[in-house]
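Below: the structure, in structure tokens.
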Amino acid sequence: MAEHPLLTVEITRDNSGVTLYCPELNIHTSGKTEAQVRHKFVNALFEYFEFLDAHDFKDEAPYREHYALLAQHVLPSLADASLRSPHKPRALPRKWLELIRHRSESWDADIFGSLVKPAAL
């Protein structure tokens with residue numbers, strides 16, 4: 001989906017563990033291993049989006065920009081990467097199908113347009 005990385009992360013290691021910082025969203029995570037902080041970071045992206053979506057200040061800077069970046073770019077890229085991953089849970093494609101099956105009518109045009117190309121004349 002994304003042609004280039006959407007976010008920057010700075011990973012530092014010291015005697016107490018590993019820290020990850022994403023400047024675009026001002027998100028920090030820490031843990032004992034890099035794998036652990038990467039896992040926590042992906043969870044933090046979802047939690048931050050849910051937090052912004054639930055609160056009125058998401059229309060204020062920088063939250064407005066963070067919300068747009070997450071909603072329009074980061075979360076769709078995560079969804080795409082999840083579906084393409086060889087390590088995805090077996091139930092994931094069924095969950096996505098269920099979500100798409102219960103779409104709004106206006107979403108039909110978006111889905112249809114992404115699947116169908118005009119016939120050659």
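Residue numbers start at 1 in each chain; chains themselves are named A, B, ... in the order of the structure tokens; ligands are numbered from 1 in the order shown.
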Could you give me, as a ChimeraX atom specification, the residues within 9 Å of Glu34 of chain A, counting only C-alpha atoms and dropping anything in the same chain fewer than 5 positions from it? /A:11,13,17-20,39
With N, CA and C atoms retained, could you export that selection as a compact mmCIF listing (two decimals), in the first residue's frame?
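So the final result, stored in again30.txt, reads:
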# COMPACT_ATOMS: atom_id res chain seq x y z
N ILE A 11 15.28 4.14 17.75
CA ILE A 11 15.42 3.06 18.73
C ILE A 11 16.75 3.24 19.46
N ARG A 13 19.16 1.79 22.85
CA ARG A 13 19.38 0.69 23.79
C ARG A 13 20.31 1.18 24.90
N GLY A 17 17.22 -1.43 28.95
CA GLY A 17 16.38 -2.00 27.91
C GLY A 17 16.40 -1.20 26.63
N VAL A 18 15.28 -1.22 25.93
CA VAL A 18 15.15 -0.60 24.61
C VAL A 18 14.03 0.42 24.66
N THR A 19 14.25 1.56 24.01
CA THR A 19 13.24 2.61 23.91
C THR A 19 13.01 2.93 22.45
N LEU A 20 11.75 3.12 22.09
CA LEU A 20 11.38 3.49 20.73
C LEU A 20 10.61 4.80 20.79
N HIS A 39 6.26 -4.44 19.13
CA HIS A 39 4.91 -4.92 19.40
C HIS A 39 4.10 -3.87 20.16
Show me, as a PyMOL selection string, the residues that have an atom within 12 Å of Lys95 of chain A when counting only C-alpha atoms, minus same-chain residues fewer than 5 positions from it. chain A and resi 79+82-83+88-90+100-102
Write out as a PyMOL selection string the set of residues from segment 9-113 of chain A that DSSP, computed on the backbone, places in strand (DSSP E). chain A and resi 10-14+17-22+27-31
Saved selection, atoms kept: N, CA and C atoms, as a CSV table (one decimal), in the first residue's frame:
chain,number,residue,atom,x,y,z
A,10,GLU,N,13.0,6.1,16.3
A,10,GLU,CA,14.3,6.2,16.8
A,10,GLU,C,14.4,5.1,17.9
A,11,ILE,N,15.3,4.1,17.8
A,11,ILE,CA,15.4,3.1,18.7
A,11,ILE,C,16.8,3.2,19.5
A,12,THR,N,16.7,3.3,20.8
A,12,THR,CA,17.9,3.4,21.6
A,12,THR,C,18.0,2.2,22.6
A,13,ARG,N,19.2,1.8,22.9
A,13,ARG,CA,19.4,0.7,23.8
A,13,ARG,C,20.3,1.2,24.9
A,14,ASP,N,20.0,0.7,26.1
A,14,ASP,CA,20.9,1.0,27.2
A,14,ASP,C,20.8,-0.1,28.2
A,17,GLY,N,17.2,-1.4,29.0
A,17,GLY,CA,16.4,-2.0,27.9
A,17,GLY,C,16.4,-1.2,26.6
A,18,VAL,N,15.3,-1.2,25.9
A,18,VAL,CA,15.2,-0.6,24.6
A,18,VAL,C,14.0,0.4,24.7
A,19,THR,N,14.3,1.6,24.0
A,19,THR,CA,13.2,2.6,23.9
A,19,THR,C,13.0,2.9,22.5
A,20,LEU,N,11.8,3.1,22.1
A,20,LEU,CA,11.4,3.5,20.7
A,20,LEU,C,10.6,4.8,20.8
A,21,TYR,N,10.9,5.7,19.9
A,21,TYR,CA,10.3,7.0,19.8
A,21,TYR,C,9.9,7.3,18.4
A,22,CYS,N,8.6,7.7,18.2
A,22,CYS,CA,8.1,8.1,16.8
A,22,CYS,C,7.8,9.6,16.9
A,27,ILE,N,5.0,9.3,20.0
A,27,ILE,CA,4.7,8.1,20.8
A,27,ILE,C,6.1,7.5,21.2
A,28,HIS,N,6.1,7.1,22.5
A,28,HIS,CA,7.3,6.5,23.1
A,28,HIS,C,6.8,5.1,23.6
A,29,THR,N,7.7,4.1,23.4
A,29,THR,CA,7.5,2.8,24.1
A,29,THR,C,8.8,2.3,24.6
A,30,SER,N,8.8,1.4,25.5
A,30,SER,CA,10.0,0.9,26.1
A,30,SER,C,9.8,-0.6,26.5
A,31,GLY,N,10.8,-1.3,26.5
A,31,GLY,CA,10.8,-2.7,27.0
A,31,GLY,C,12.1,-3.3,27.1
Alpha helix (DSSP H) call set, DSSP backbone run, segment 23-95 of chain A, as a PyMOL selection string: chain A and resi 34-54+63-69+75-84+92-95
Would you mind reading off the distance between atom CA of His66 of chain A and atom CA of Leu52 of chain A, one decimal, in Å? 8.5 Å
